>>> print(open('input_26.cif').read())   # mmCIF, C-alpha atoms
data_entry
loop_
_atom_site.label_atom_id
_atom_site.label_comp_id
_atom_site.auth_asym_id
_atom_site.auth_seq_id
_atom_site.Cartn_x
_atom_site.Cartn_y
_atom_site.Cartn_z
CA MET K 1 18.08 0.41 2.93
CA SER K 2 19.49 1.79 -0.25
CA GLY K 3 19.83 5.51 -0.90
CA ASN K 4 17.60 5.18 -3.94
CA ALA K 5 14.77 3.79 -1.84
CA LEU K 6 15.00 6.67 0.62
CA ARG K 7 15.03 9.21 -2.20
CA ASP K 8 11.83 7.64 -3.57
CA LEU K 9 10.05 8.53 -0.35
CA ASN K 10 10.90 12.22 -0.25
CA THR K 11 8.53 13.10 -3.05
CA LEU K 12 5.31 11.56 -4.20
CA PRO K 13 5.19 10.42 -7.81
CA THR K 14 3.62 12.77 -10.33
CA PRO K 15 -0.12 12.09 -10.49
CA GLU K 16 -1.08 9.92 -13.41
CA ARG K 17 -3.83 10.46 -15.87
CA LYS K 18 -7.14 9.28 -14.57
CA ASN K 19 -7.72 7.09 -17.60
CA ASP K 20 -4.75 5.13 -18.90
CA SER K 21 -6.66 3.85 -21.90
CA SER K 22 -7.23 7.38 -23.14
CA SER K 23 -3.53 7.92 -23.72
CA LYS K 24 -4.08 7.46 -27.45
CA GLY K 25 -7.22 9.54 -27.52
CA ASN K 26 -5.63 12.81 -28.63
CA PHE K 27 -5.17 12.66 -32.40
CA THR K 28 -4.37 15.75 -34.36
CA LYS K 29 -3.26 16.17 -37.94
CA PRO K 30 -1.97 19.37 -39.52
CA CYS K 31 -3.40 20.17 -42.94
CA ASN K 32 -2.94 23.48 -44.76
CA GLY K 33 -2.03 25.18 -41.50
CA LYS K 34 -5.21 23.90 -39.82
CA THR K 35 -5.73 21.13 -37.26
CA ILE K 36 -8.24 18.30 -37.31
CA GLU K 37 -10.57 18.37 -34.33
CA ASN K 38 -9.77 16.22 -31.33
CA VAL K 39 -11.52 12.82 -31.46
CA GLU K 40 -10.94 11.86 -27.83
CA GLU K 41 -14.62 12.07 -26.93
CA GLN K 42 -15.53 9.39 -29.46
CA LEU K 43 -12.87 7.10 -28.03
CA LYS K 44 -14.19 7.58 -24.51
CA LYS K 45 -17.59 6.29 -25.58
CA SER K 46 -16.13 2.81 -26.07
CA LEU K 47 -14.72 2.64 -22.52
CA SER K 48 -16.73 0.91 -19.82
CA SER K 49 -16.11 -0.47 -16.36
CA VAL K 50 -18.29 -3.05 -14.62
CA GLN K 51 -18.10 -5.21 -11.52
CA ILE K 52 -19.37 -8.80 -11.67
CA ASN K 53 -19.18 -11.31 -8.80
CA GLY K 54 -16.59 -9.25 -6.97
CA VAL K 55 -14.39 -8.91 -10.04
CA GLU K 56 -13.81 -5.37 -11.20
CA THR K 57 -13.36 -5.40 -14.97
CA LEU K 58 -12.04 -2.57 -17.07
CA ASN K 59 -13.07 -3.15 -20.69
CA VAL K 60 -11.17 -1.21 -23.30
CA GLN K 61 -12.62 -1.92 -26.71
CA HIS K 62 -11.47 0.73 -29.12
CA ASN K 63 -11.66 -0.98 -32.49
CA LYS K 64 -11.68 2.01 -34.79
CA SER K 65 -13.11 5.41 -34.04
CA SER K 66 -13.56 7.86 -36.86
CA ALA K 67 -14.58 11.48 -37.19
CA SER K 68 -15.39 13.65 -40.16
CA VAL K 69 -14.27 17.25 -40.04
CA GLN K 70 -14.22 20.09 -42.46
CA ILE K 71 -11.02 21.86 -43.44
CA ASN K 72 -11.01 25.35 -44.93
CA GLY K 73 -14.80 25.28 -44.81
CA GLY K 74 -15.23 22.67 -47.55
CA GLU K 75 -13.00 19.61 -47.72
CA THR K 76 -14.14 16.69 -45.58
CA VAL K 77 -11.60 14.27 -44.11
CA ASN K 78 -12.32 11.00 -42.27
CA VAL K 79 -9.97 10.36 -39.37
CA GLY K 80 -9.64 6.80 -38.01
CA VAL K 81 -7.85 5.80 -34.82
CA GLU K 82 -6.85 2.21 -34.23
CA VAL K 83 -6.54 0.98 -30.62
CA ALA K 84 -5.97 -2.62 -29.60
CA ASN K 85 -8.63 -4.58 -27.75
CA SER K 86 -7.71 -5.21 -24.11
CA GLU K 87 -9.32 -6.29 -20.87
CA VAL K 88 -8.00 -5.97 -17.31
CA GLU K 89 -9.60 -7.82 -14.43
CA TYR K 90 -8.97 -6.87 -10.82
CA ILE K 91 -9.69 -10.25 -9.27
CA GLU K 92 -10.10 -10.54 -5.52
CA SER K 93 -7.91 -13.20 -3.91
CA GLU K 94 -10.83 -15.42 -2.97
CA ASN K 95 -11.99 -15.47 -6.60
CA LEU K 96 -8.67 -16.57 -8.09
CA SER K 97 -8.75 -19.88 -9.94
CA ASP K 98 -6.02 -22.51 -10.04
CA LEU K 99 -3.63 -22.84 -12.96
CA GLU K 100 -3.96 -25.65 -15.48
CA ASP K 101 -0.25 -25.96 -16.31
CA VAL K 102 1.91 -24.93 -13.36
CA ASP K 103 5.24 -25.96 -14.91
CA THR K 104 4.73 -23.88 -18.05
CA CYS K 105 3.54 -20.93 -15.99
CA LEU K 106 6.65 -21.05 -13.80
CA LYS K 107 8.91 -21.04 -16.88
CA LYS K 108 7.16 -17.98 -18.32
CA LEU K 109 6.94 -16.10 -15.05
CA LEU K 110 10.11 -13.98 -15.06
CA PRO K 111 10.08 -13.18 -18.80
CA GLY K 112 6.40 -12.23 -18.53
CA LEU K 113 7.00 -9.84 -15.64
CA ASP K 114 9.89 -8.23 -17.49
CA SER K 115 7.93 -7.85 -20.74
CA LYS K 116 7.30 -4.50 -22.43
CA ASP K 117 3.75 -5.65 -23.22
CA TRP K 118 1.71 -4.31 -20.30
CA ILE K 119 -1.16 -6.71 -20.98
CA LEU K 120 1.24 -9.65 -20.65
CA VAL K 121 2.67 -8.14 -17.45
CA VAL K 122 -0.80 -7.92 -15.90
CA GLU K 123 -1.59 -11.52 -16.88
CA THR K 124 1.71 -12.70 -15.40
CA LEU K 125 1.12 -10.78 -12.16
CA ASN K 126 -2.21 -12.53 -11.80
CA ASN K 127 -0.41 -15.84 -12.33
CA VAL K 128 1.99 -14.90 -9.54
CA ARG K 129 -1.06 -14.39 -7.36
CA ARG K 130 -2.46 -17.80 -8.33
CA LEU K 131 0.85 -19.47 -7.57
CA SER K 132 1.00 -17.70 -4.21
CA VAL K 133 -2.44 -19.03 -3.30
CA PHE K 134 -2.33 -22.54 -4.76
CA HIS K 135 1.34 -23.47 -5.27
CA LYS K 136 3.43 -21.28 -2.99
CA GLU K 137 6.04 -24.01 -2.41
CA ARG K 138 6.74 -24.24 -6.15
CA MET K 139 7.43 -20.50 -6.44
CA HIS K 140 9.36 -20.08 -3.19
CA SER K 141 12.80 -20.52 -4.75
CA MET K 142 12.06 -17.77 -7.29
CA LEU K 143 11.23 -15.04 -4.78
CA GLY K 144 14.67 -13.43 -4.95
CA ASP K 145 14.30 -12.83 -8.70
CA LEU K 146 10.56 -12.24 -8.62
CA ILE K 147 10.29 -9.49 -6.00
CA PRO K 148 12.37 -6.91 -7.96
CA LEU K 149 10.11 -7.43 -10.97
CA VAL K 150 7.00 -6.94 -8.85
CA VAL K 151 8.57 -3.72 -7.54
CA LYS K 152 9.18 -2.68 -11.16
CA SER K 153 5.46 -3.13 -11.84
CA LEU K 154 4.60 -1.12 -8.73
CA LYS K 155 6.52 1.77 -10.26
CA ASN K 156 4.74 1.41 -13.61
CA PRO K 157 2.85 4.62 -14.55
CA ARG K 158 -0.01 2.59 -16.02
CA SER K 159 -2.66 2.23 -13.32
CA ALA K 160 -3.79 -1.24 -14.37
CA VAL K 161 -0.27 -2.62 -13.98
CA CYS K 162 0.35 -0.75 -10.73
CA LYS K 163 -2.88 -1.86 -9.05
CA THR K 164 -2.43 -5.49 -10.11
CA ALA K 165 1.11 -5.38 -8.70
CA ILE K 166 -0.26 -4.02 -5.42
CA MET K 167 -2.77 -6.88 -5.22
CA THR K 168 0.07 -9.28 -6.03
CA SER K 169 2.09 -7.88 -3.13
CA ALA K 170 -0.80 -8.54 -0.74
CA ASP K 171 -1.08 -12.17 -1.85
CA ILE K 172 2.69 -12.64 -1.58
CA PHE K 173 2.62 -11.31 2.00
CA SER K 174 -0.19 -13.69 2.92
CA ALA K 175 1.62 -16.64 1.39
CA TYR K 176 5.22 -16.19 2.49
CA ASN K 177 5.04 -14.24 5.76
CA ASP K 178 8.46 -13.85 7.38
CA ASP K 179 10.25 -15.40 4.39
CA LEU K 180 9.91 -12.00 2.70
CA ILE K 181 11.69 -10.00 5.38
CA ASP K 182 14.99 -9.75 3.46
CA SER K 183 13.15 -8.46 0.36
CA LEU K 184 10.68 -6.28 2.23
CA ASP K 185 12.28 -2.83 1.94
CA PRO K 186 11.64 -2.12 -1.77
CA LEU K 187 8.08 -3.43 -1.51
CA LEU K 188 7.41 -1.37 1.60
CA VAL K 189 8.75 1.82 0.03
CA GLN K 190 6.48 1.53 -2.99
CA LEU K 191 3.38 0.52 -1.03
CA LEU K 192 3.77 3.49 1.32
CA LEU K 193 4.11 5.75 -1.71
CA LYS K 194 1.06 4.29 -3.44
CA ALA K 195 -1.01 4.44 -0.24
CA SER K 196 -0.17 8.15 -0.08
CA GLN K 197 -1.42 8.95 -3.57
CA ASP K 198 -4.54 10.94 -4.42
CA LYS K 199 -5.73 8.32 -6.91
CA ARG K 200 -8.33 6.59 -4.77
CA PHE K 201 -8.48 3.09 -6.23
CA VAL K 202 -4.68 2.75 -6.16
CA CYS K 203 -4.50 4.19 -2.64
CA GLU K 204 -7.15 1.82 -1.28
CA ALA K 205 -5.47 -1.22 -2.84
CA ALA K 206 -2.12 -0.19 -1.33
CA GLU K 207 -3.68 0.26 2.11
CA ARG K 208 -5.13 -3.27 1.90
CA ALA K 209 -1.70 -4.59 0.94
CA LEU K 210 -0.13 -2.83 3.93
CA GLU K 211 -2.78 -4.37 6.18
CA ALA K 212 -1.92 -7.80 4.75
CA MET K 213 1.72 -7.09 5.53
CA THR K 214 1.05 -6.14 9.16
CA THR K 215 -1.05 -9.26 9.75
CA SER K 216 1.32 -11.64 7.94
CA VAL K 217 4.83 -10.57 8.91
CA SER K 218 6.03 -11.06 12.48
CA PRO K 219 5.85 -7.74 14.36
CA MET K 220 9.24 -8.37 15.95
CA LEU K 221 10.73 -8.32 12.44
CA LEU K 222 8.41 -5.74 10.91
CA LEU K 223 8.60 -2.93 13.49
CA PRO K 224 12.30 -2.18 12.90
CA LYS K 225 11.56 -1.98 9.17
CA LEU K 226 8.72 0.50 9.73
CA GLN K 227 10.43 2.72 12.29
CA PRO K 228 12.64 4.75 9.88
CA TYR K 229 9.58 5.80 7.87
CA LEU K 230 8.03 7.40 10.96
CA LYS K 231 10.56 10.21 10.52
CA ASN K 232 10.23 10.59 6.77
CA ARG K 233 10.01 14.15 5.41
CA ASN K 234 6.75 13.35 3.62
CA PRO K 235 3.87 13.64 6.15
CA ARG K 236 1.69 11.18 4.21
CA ILE K 237 4.41 8.57 4.36
CA ARG K 238 4.74 9.13 8.10
CA ALA K 239 0.98 8.74 8.53
CA LYS K 240 0.77 5.44 6.66
CA ALA K 241 3.82 4.11 8.48
CA SER K 242 2.34 5.18 11.85
CA MET K 243 -0.86 3.32 11.12
CA CYS K 244 1.08 0.15 10.22
CA PHE K 245 3.22 0.52 13.34
CA SER K 246 0.18 0.95 15.56
CA ARG K 247 -1.50 -2.14 14.07
CA SER K 248 1.61 -4.27 14.51
CA VAL K 249 2.43 -3.57 18.16
CA PRO K 250 -0.62 -5.34 19.69
CA ARG K 251 0.37 -8.50 17.82
CA LEU K 252 3.48 -8.67 20.00
CA GLY K 253 1.40 -9.48 23.06
CA VAL K 254 2.34 -8.48 26.59
CA GLU K 255 5.56 -10.47 26.72
CA GLY K 256 6.55 -9.40 23.23
CA ILE K 257 6.05 -5.72 24.05
CA LYS K 258 8.18 -6.09 27.17
CA GLU K 259 10.86 -7.88 25.15
CA TYR K 260 10.84 -5.25 22.38
CA GLY K 261 10.99 -2.50 24.98
CA ILE K 262 7.95 -0.59 26.16
CA ASP K 263 10.19 2.43 26.79
CA LYS K 264 11.20 2.46 23.09
CA LEU K 265 7.59 2.12 21.99
CA ILE K 266 6.31 4.94 24.19
CA GLN K 267 8.98 7.26 22.77
CA VAL K 268 7.88 6.38 19.23
CA ALA K 269 4.23 7.01 20.06
CA ALA K 270 4.99 10.29 21.85
CA SER K 271 6.87 11.63 18.83
CA GLN K 272 3.85 11.00 16.61
CA LEU K 273 1.39 12.83 18.87
CA SER K 274 2.45 16.19 17.48
CA ASP K 275 2.62 15.09 13.85
CA GLN K 276 1.16 17.19 11.04
CA LEU K 277 -1.54 14.77 9.89
CA PRO K 278 -4.44 13.53 12.04
CA GLU K 279 -3.89 9.91 10.92
CA SER K 280 -0.48 9.92 12.60
CA ARG K 281 -1.85 11.46 15.78
CA GLU K 282 -4.73 9.00 15.97
CA ALA K 283 -2.38 6.05 15.42
CA ALA K 284 -0.19 7.41 18.24
CA ARG K 285 -3.16 7.70 20.60
CA THR K 286 -4.22 4.13 19.83
CA LEU K 287 -0.71 2.87 20.45
CA LEU K 288 -0.38 4.78 23.74
CA LEU K 289 -3.60 3.29 25.09
CA GLU K 290 -2.32 -0.18 24.20
CA LEU K 291 0.98 0.50 25.94
CA GLN K 292 -0.75 1.88 29.02
CA THR K 293 -2.93 -1.23 29.26
CA VAL K 294 0.05 -3.54 28.89
CA TYR K 295 2.12 -1.59 31.40
CA GLU K 296 -0.59 -1.57 34.05
CA LYS K 297 -1.37 -5.26 33.56
CA SER K 298 2.27 -6.30 33.73
CA HIS K 299 2.88 -4.23 36.89
CA GLY K 300 -0.35 -5.10 38.62
CA LEU K 301 1.14 -8.38 39.88
CA SER K 302 4.42 -6.84 41.02
CA THR K 303 4.98 -7.01 44.79
CA VAL K 304 7.21 -3.94 44.61
CA VAL K 305 4.45 -1.92 43.02
CA SER K 306 1.82 -3.12 45.48
CA GLU K 307 3.97 -1.97 48.40
CA ASN K 308 4.68 1.39 46.80
CA PRO K 309 2.07 2.13 44.10
CA GLU K 310 3.51 5.52 43.15
CA MET K 311 6.85 4.00 42.20
CA GLY K 312 5.43 1.99 39.34
CA SER K 313 2.58 4.21 38.21
CA TRP K 314 1.99 4.94 34.54
CA GLU K 315 2.50 8.63 35.21
CA ASN K 316 5.91 8.14 36.80
CA PHE K 317 6.91 5.78 34.02
CA CYS K 318 6.07 8.40 31.39
CA LEU K 319 7.92 11.12 33.32
CA SER K 320 11.00 8.91 33.64
CA LYS K 321 11.16 7.97 29.94
CA LEU K 322 10.05 11.16 28.20
CA SER K 323 10.78 14.87 28.26
CA PRO K 324 8.42 16.87 30.50
CA LEU K 325 6.46 18.25 27.52
CA SER K 326 6.14 14.86 25.84
CA ALA K 327 5.13 13.20 29.11
CA GLN K 328 2.41 15.80 29.67
CA ALA K 329 1.06 15.24 26.14
CA VAL K 330 1.00 11.48 26.64
CA LEU K 331 -0.65 11.70 30.05
CA ARG K 332 -3.21 14.16 28.73
CA VAL K 333 -4.22 11.66 26.04
CA THR K 334 -4.30 8.54 28.20
CA THR K 335 -5.92 10.23 31.20
CA ASN K 336 -8.66 11.97 29.21
CA ILE K 337 -9.59 8.83 27.29
CA ALA K 338 -9.57 6.80 30.50
CA ARG K 339 -11.94 9.32 32.10
CA GLU K 340 -14.20 9.23 29.05
CA GLY K 341 -14.32 5.45 29.37
CA LEU K 342 -15.35 5.70 33.02
CA VAL K 343 -18.10 8.19 32.19
CA LEU K 344 -19.45 6.00 29.42
CA GLY K 345 -19.33 2.94 31.62
CA SER K 346 -21.07 4.61 34.58
#
>>> encode(input="input_26.cif", output="structure tokens")
Amino acid sequence: MSGNALRDLNTLPTPERKNDSSSKGNFTKPCNGKTIENVEEQLKKSLSSVQINGVETLNVQHNKSSASVQINGGETVNVGVEVANSEVEYIESENLSDLEDVDTCLKKLLPGLDSKDWILVVETLNNVRRLSVFHKERMHSMLGDLIPLVVKSLKNPRSAVCKTAIMTSADIFSAYNDDLIDSLDPLLVQLLLKASQDKRFVCEAAERALEAMTTSVSPMLLLPKLQPYLKNRNPRIRAKASMCFSRSVPRLGVEGIKEYGIDKLIQVAASQLSDQLPESREAARTLLLELQTVYEKSHGLSTVVSENPEMGSWENFCLSKLSPLSAQAVLRVTTNIAREGLVLGS
């Protein structure tokens, strides 16, 4: 992973304005040492957001807003603010429609993603999503050039571009699975950052994209990519990475967990038990219970264990692989939850 990617993770990006379309709302004009009143409120009146048939639509229709103000107590001045018409649709994957002209769309794809016109970028990102769903074979050869431009959009400070890029990432994961593994790092960095933001609608979209990643990419390939982020200095990054890690491990299955190394996995989970954020600790507890179940199932058929049960017990395994303090913390979690299960089942 590049040094730039790691530096991106150490600090969260500066929070954006809550309303991108209001960036032109502040209009002031000096006149005889005075200032014309702010007309932002009138611009806000023309902003609306609706949701129709699962499609969240942000309508920005600022044709021309004007305000009359008095200067020096007498002179009246009309102030007009021109803002272009625009519309951004956050279309769910199941509601995407097919393209009419695939060849033309493919030709315009890379220039559109690299455009300085954010409306064109959003339209092109949605076309990437359509190609991922309906024509993934046609776009496969372009992934090497396309992924860096999607990452560029993920970094865009405009929320509409960023969220559409996040949704595009989710569709790309679902379409190309393990074929993305060589290009995964820059996408993963940005999605972990966006999932750690305070802006709710961006955060939720990023979490859905991370879920798509964990269900689409092979866990044997994905877990080594996630593991470095479990030690990141940013606790929110660690939490999101822990949740992804915990979701991926069960997909290995019993044999896959044994092949990956249950001793490695229990050390990872134990380190997260004392993490700062509760999301990390909960993900660690979930992972430990999975590992305990797999360990006991895989050793239940062992003749060596049946002759000497203590030798292969979960407790002895934890004590042999972890420090005494870590082993006690792990056993406290797995034993208490096991007891709670017995009480509930009785």
>>> atom_distance(input="input_26.cif", atom1="CA of Asp182 in chain K", atom2="CA of Leu230 in chain K")
20.0 Å
>>> atom_distance(input="input_26.cif", atom1="CA of Asn156 in chain K", atom2="CA of Leu191 in chain K")
12.7 Å
>>> resolve_selection(input="input_26.cif", expression="the PyMOL selection byres ((chain K and resi 278) around 12)", output="PyMOL selection string")
chain K and resi 235-236+238-240+242-243+272-277+279-285
>>> residues_around(input="input_26.cif", residues="range 164-178 of chain K", least_positions_apart="3", cutoff="9 Å", atoms="only C-alpha atoms", output="ChimeraX atom specification")
/K:89-93,122,125-126,128-130,132-133,136,140,147,150-154,159-161,181-182,187,191,194,202,205-206,208-218,221-222
>>> write_last_selection(input="input_26.cif", atoms="C-alpha atoms", output="compact mmCIF listing (two decimals), in the frame of the given file")
# COMPACT_ATOMS: atom_id res chain seq x y z
CA GLU K 89 -9.60 -7.82 -14.43
CA TYR K 90 -8.97 -6.87 -10.82
CA ILE K 91 -9.69 -10.25 -9.27
CA GLU K 92 -10.10 -10.54 -5.52
CA SER K 93 -7.91 -13.20 -3.91
CA VAL K 122 -0.80 -7.92 -15.90
CA LEU K 125 1.12 -10.78 -12.16
CA ASN K 126 -2.21 -12.53 -11.80
CA VAL K 128 1.99 -14.90 -9.54
CA ARG K 129 -1.06 -14.39 -7.36
CA ARG K 130 -2.46 -17.80 -8.33
CA SER K 132 1.00 -17.70 -4.21
CA VAL K 133 -2.44 -19.03 -3.30
CA LYS K 136 3.43 -21.28 -2.99
CA HIS K 140 9.36 -20.08 -3.19
CA ILE K 147 10.29 -9.49 -6.00
CA VAL K 150 7.00 -6.94 -8.85
CA VAL K 151 8.57 -3.72 -7.54
CA LYS K 152 9.18 -2.68 -11.16
CA SER K 153 5.46 -3.13 -11.84
CA LEU K 154 4.60 -1.12 -8.73
CA SER K 159 -2.66 2.23 -13.32
CA ALA K 160 -3.79 -1.24 -14.37
CA VAL K 161 -0.27 -2.62 -13.98
CA ILE K 181 11.69 -10.00 5.38
CA ASP K 182 14.99 -9.75 3.46
CA LEU K 187 8.08 -3.43 -1.51
CA LEU K 191 3.38 0.52 -1.03
CA LYS K 194 1.06 4.29 -3.44
CA VAL K 202 -4.68 2.75 -6.16
CA ALA K 205 -5.47 -1.22 -2.84
CA ALA K 206 -2.12 -0.19 -1.33
CA ARG K 208 -5.13 -3.27 1.90
CA ALA K 209 -1.70 -4.59 0.94
CA LEU K 210 -0.13 -2.83 3.93
CA GLU K 211 -2.78 -4.37 6.18
CA ALA K 212 -1.92 -7.80 4.75
CA MET K 213 1.72 -7.09 5.53
CA THR K 214 1.05 -6.14 9.16
CA THR K 215 -1.05 -9.26 9.75
CA SER K 216 1.32 -11.64 7.94
CA VAL K 217 4.83 -10.57 8.91
CA SER K 218 6.03 -11.06 12.48
CA LEU K 221 10.73 -8.32 12.44
CA LEU K 222 8.41 -5.74 10.91
>>> closest_residue(input="input_26.cif", among="K:Asn127, K:Asn234, K:Ser196, K:Ser326", to="Val268 in chain K", atoms="only C-alpha atoms")
K:Ser326
>>> closest_residue(input="input_26.cif", among="K:Leu131, K:Val121, K:Val88, K:Val294", to="Asp103 in chain K", atoms="only C-alpha atoms")
K:Leu131
>>> residues_near_point(input="input_26.cif", point="(-2.2, 2.7, 29.4)", cutoff="12 Å", atoms="all atoms listed in the file", output="count of residues only")
31
>>> resolve_selection(input="input_26.cif", expression="the PyMOL selection byres ((chain K and resi 108) around 12)", output="number ranges by chain")
K: 101-107, 109-115, 120-121, 123-125, 127-128, 146
>>> closest_residue(input="input_26.cif", among="K:Ile237, K:Cys203, K:Lys163, K:Arg158", to="Val189 in chain K", atoms="all atoms listed in the file")
K:Ile237
>>> closest_residue(input="input_26.cif", among="K:Asp179, K:Ser97, K:Leu143, K:Gln267", to="Ser320 in chain K", atoms="all atoms listed in the file")
K:Gln267
>>> decode(input="input_26.cif", residues="range 94-111 of chain K", atoms="N, CA, C and O atoms", output="tab-separated table (two decimals), in the first residue's frame")
chain	number	residue	atom	x	y	z
K	94	GLU	N	-31.18	-1.92	-7.89
K	94	GLU	CA	-32.27	-2.67	-8.51
K	94	GLU	C	-33.15	-1.80	-9.41
K	94	GLU	O	-33.93	-2.32	-10.22
K	95	ASN	N	-33.03	-0.48	-9.28
K	95	ASN	CA	-33.83	0.42	-10.10
K	95	ASN	C	-33.07	0.99	-11.30
K	95	ASN	O	-33.61	1.80	-12.06
K	96	LEU	N	-31.83	0.57	-11.48
K	96	LEU	CA	-31.05	1.04	-12.62
K	96	LEU	C	-31.62	0.48	-13.92
K	96	LEU	O	-32.03	-0.68	-13.98
K	97	SER	N	-31.65	1.30	-14.95
K	97	SER	CA	-32.12	0.87	-16.26
K	97	SER	C	-30.94	0.65	-17.19
K	97	SER	O	-29.86	1.21	-17.01
K	98	ASP	N	-31.16	-0.17	-18.22
K	98	ASP	CA	-30.10	-0.48	-19.17
K	98	ASP	C	-29.81	0.73	-20.06
K	98	ASP	O	-30.62	1.65	-20.20
K	99	LEU	N	-28.63	0.71	-20.67
K	99	LEU	CA	-28.21	1.79	-21.56
K	99	LEU	C	-28.72	1.53	-22.98
K	99	LEU	O	-28.80	0.38	-23.42
K	100	GLU	N	-29.03	2.60	-23.69
K	100	GLU	CA	-29.48	2.46	-25.06
K	100	GLU	C	-28.32	2.28	-26.04
K	100	GLU	O	-28.41	1.53	-27.00
K	101	ASP	N	-27.22	2.98	-25.81
K	101	ASP	CA	-26.07	2.93	-26.70
K	101	ASP	C	-24.82	2.62	-25.88
K	101	ASP	O	-24.15	3.52	-25.37
K	102	VAL	N	-24.51	1.34	-25.75
K	102	VAL	CA	-23.39	0.91	-24.91
K	102	VAL	C	-22.06	1.36	-25.47
K	102	VAL	O	-21.17	1.81	-24.74
K	103	ASP	N	-21.89	1.26	-26.80
K	103	ASP	CA	-20.61	1.62	-27.41
K	103	ASP	C	-20.26	3.09	-27.18
K	103	ASP	O	-19.13	3.42	-26.81
K	104	THR	N	-21.22	3.97	-27.39
K	104	THR	CA	-20.99	5.40	-27.18
K	104	THR	C	-20.69	5.69	-25.71
K	104	THR	O	-19.81	6.49	-25.38
K	105	CYS	N	-21.41	5.02	-24.84
K	105	CYS	CA	-21.21	5.21	-23.40
K	105	CYS	C	-19.80	4.81	-22.99
K	105	CYS	O	-19.14	5.50	-22.21
K	106	LEU	N	-19.32	3.69	-23.52
K	106	LEU	CA	-17.98	3.22	-23.18
K	106	LEU	C	-16.91	4.22	-23.65
K	106	LEU	O	-15.92	4.45	-22.95
K	107	LYS	N	-17.12	4.82	-24.81
K	107	LYS	CA	-16.16	5.80	-25.34
K	107	LYS	C	-16.10	7.05	-24.46
K	107	LYS	O	-15.04	7.67	-24.32
K	108	LYS	N	-17.23	7.43	-23.90
K	108	LYS	CA	-17.31	8.66	-23.11
K	108	LYS	C	-17.02	8.45	-21.63
K	108	LYS	O	-16.99	9.40	-20.86
K	109	LEU	N	-16.78	7.21	-21.26
K	109	LEU	CA	-16.70	6.87	-19.84
K	109	LEU	C	-15.52	7.57	-19.14
K	109	LEU	O	-15.72	8.31	-18.16
K	110	LEU	N	-14.32	7.36	-19.61
K	110	LEU	CA	-13.15	7.93	-18.93
K	110	LEU	C	-13.11	9.45	-19.00
K	110	LEU	O	-12.84	10.10	-17.97
K	111	PRO	N	-13.38	10.06	-20.17
K	111	PRO	CA	-13.44	11.53	-20.19
K	111	PRO	C	-14.51	12.10	-19.26
K	111	PRO	O	-14.32	13.14	-18.62
